[in-house]
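Enquirer: This is work_37.pdb, which holds PDB, C-alpha atoms:
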MODEL        1
ATOM      1  CA  MET A  11      14.269  16.835 -33.674  1.00  0.00           C
ATOM      2  CA  SER A  12      13.075  13.469 -32.394  1.00  0.00           C
ATOM      3  CA  CYS A  13      14.217  11.728 -29.216  1.00  0.00           C
ATOM      4  CA  THR A  14      13.247   8.440 -27.638  1.00  0.00           C
ATOM      5  CA  PHE A  15      13.049   8.063 -23.872  1.00  0.00           C
ATOM      6  CA  THR A  16      12.075   5.287 -21.489  1.00  0.00           C
ATOM      7  CA  ALA A  17       8.669   5.290 -19.799  1.00  0.00           C
ATOM      8  CA  ILE A  18       8.377   3.162 -16.683  1.00  0.00           C
ATOM      9  CA  VAL A  19       4.737   2.729 -15.678  1.00  0.00           C
ATOM     10  CA  TYR A  20       3.560   0.967 -12.548  1.00  0.00           C
ATOM     11  CA  TRP A  21       0.560   0.772 -10.202  1.00  0.00           C
ATOM     12  CA  GLU A  22       1.052   2.430  -6.818  1.00  0.00           C
ATOM     13  CA  GLU A  23      -1.755   2.359  -4.267  1.00  0.00           C
ATOM     14  CA  ASP A  24      -4.677   3.707  -6.334  1.00  0.00           C
ATOM     15  CA  VAL A  25      -3.041   5.373  -9.372  1.00  0.00           C
ATOM     16  CA  TYR A  26      -0.687   4.584 -12.235  1.00  0.00           C
ATOM     17  CA  VAL A  27       2.718   6.254 -11.992  1.00  0.00           C
ATOM     18  CA  ALA A  28       4.807   7.044 -15.082  1.00  0.00           C
ATOM     19  CA  GLU A  29       8.491   7.892 -14.755  1.00  0.00           C
ATOM     20  CA  CYS A  30      11.063   8.994 -17.305  1.00  0.00           C
ATOM     21  CA  PRO A  31      14.459   8.279 -15.729  1.00  0.00           C
ATOM     22  CA  GLU A  32      16.466  10.028 -18.451  1.00  0.00           C
ATOM     23  CA  VAL A  33      14.697  13.343 -17.833  1.00  0.00           C
ATOM     24  CA  GLY A  34      13.863  12.833 -14.153  1.00  0.00           C
ATOM     25  CA  THR A  35      10.115  13.371 -14.434  1.00  0.00           C
ATOM     26  CA  ALA A  36       7.224  11.485 -12.868  1.00  0.00           C
ATOM     27  CA  SER A  37       3.462  11.813 -13.116  1.00  0.00           C
ATOM     28  CA  GLN A  38       0.343   9.942 -12.123  1.00  0.00           C
ATOM     29  CA  GLY A  39      -3.059   9.221 -13.589  1.00  0.00           C
ATOM     30  CA  GLU A  40      -6.135   7.052 -13.272  1.00  0.00           C
ATOM     31  CA  THR A  41      -5.122   5.127 -16.423  1.00  0.00           C
ATOM     32  CA  ILE A  42      -1.811   4.164 -18.004  1.00  0.00           C
ATOM     33  CA  ALA A  43      -2.556   6.390 -20.994  1.00  0.00           C
ATOM     34  CA  VAL A  44      -3.225   9.439 -18.817  1.00  0.00           C
ATOM     35  CA  ALA A  45      -0.102   8.909 -16.706  1.00  0.00           C
ATOM     36  CA  ARG A  46       2.080   8.505 -19.818  1.00  0.00           C
ATOM     37  CA  SER A  47       0.530  11.487 -21.584  1.00  0.00           C
ATOM     38  CA  ILE A  48       1.063  13.814 -18.627  1.00  0.00           C
ATOM     39  CA  ASN A  49       4.634  12.575 -18.228  1.00  0.00           C
ATOM     40  CA  GLN A  50       5.339  13.085 -21.920  1.00  0.00           C
ATOM     41  CA  GLN A  51       4.049  16.661 -21.797  1.00  0.00           C
ATOM     42  CA  LEU A  52       6.017  17.385 -18.628  1.00  0.00           C
ATOM     43  CA  SER A  53       9.206  15.907 -20.088  1.00  0.00           C
ATOM     44  CA  GLU A  54       8.843  17.902 -23.313  1.00  0.00           C
ATOM     45  CA  CYS A  55       8.344  21.130 -21.358  1.00  0.00           C
ATOM     46  CA  LEU A  56      11.411  20.427 -19.239  1.00  0.00           C
ATOM     47  CA  ILE A  57      13.591  19.562 -22.248  1.00  0.00           C
ATOM     48  CA  TYR A  58      12.528  22.609 -24.269  1.00  0.00           C
ATOM     49  CA  ALA A  59      12.911  24.934 -21.263  1.00  0.00           C
ATOM     50  CA  ASN A  60      16.559  23.954 -20.909  1.00  0.00           C
TER      51      ASN A  60
ENDMDL
END
Mind turning this structure into structure tokens?
Expert:
Amino acid sequence: MSCTFTAIVYWEEDVYVAECPEVGTASQGETIAVARSINQQLSECLIYAN
């Protein structure tokens, strides 16, 4: 099964923040790629757990 979700990425203080409003997850990282990757993994875990 494949789903597409929104990733909102922005700079806050000294890190990038990635949010997925559809799932309600947020993560942070030193780069955009790291923040998005962590958020994607977190979102997948949350979706599959429910």
Enquirer: Care to translate the PyMOL selection byres ((chain A and resi 30) around 7) into actual residues of this file, as a PyMOL selection string?
Expert: chain A and resi 15-18+28-29+31-36
Enquirer: Using all atoms listed in the file, which residues sit within 9 Å of Ile48 of chain A once same-chain residues fewer than 3 positions away are excluded, as a PyMOL selection string?
Expert: chain A and resi 28+36-39+43-45+51-53
Enquirer: In Å, how far is it from atom CA of Arg46 of chain A to atom CA of Tyr20 of chain A?
Expert: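 So the two atoms, atom CA of Arg46 of chain A and atom CA of Tyr20 of chain A, lie 10.6 Å apart.
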Enquirer: Between atom CA of Glu23 of chain A and atom CA of Thr41 of chain A, what is the distance, to one decimal in Å?
Expert: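 Atom CA of Thr41 of chain A lies at a distance of 12.9 Å from atom CA of Glu23 of chain A.
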Enquirer: May I ask which of the residues A:Val19, A:Cys55, A:Cys13, A:Asn60 is the closest one to Ile42 of chain A, counting only C-alpha atoms?
Expert: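 Checking each candidate against Ile42 of chain A, we get A:Val19 as the closest.
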Enquirer: Using 4 Å of padding on each side, determine the axis-aligned box around all atoms of segment 23-30 of chain A present in the file and give its centre and edge lengths in Å to one decimal, as JSON.
Expert:
{"center_x": 3.2, "center_y": 5.7, "center_z": -10.8, "size_x": 23.7, "size_y": 14.6, "size_z": 21.0}
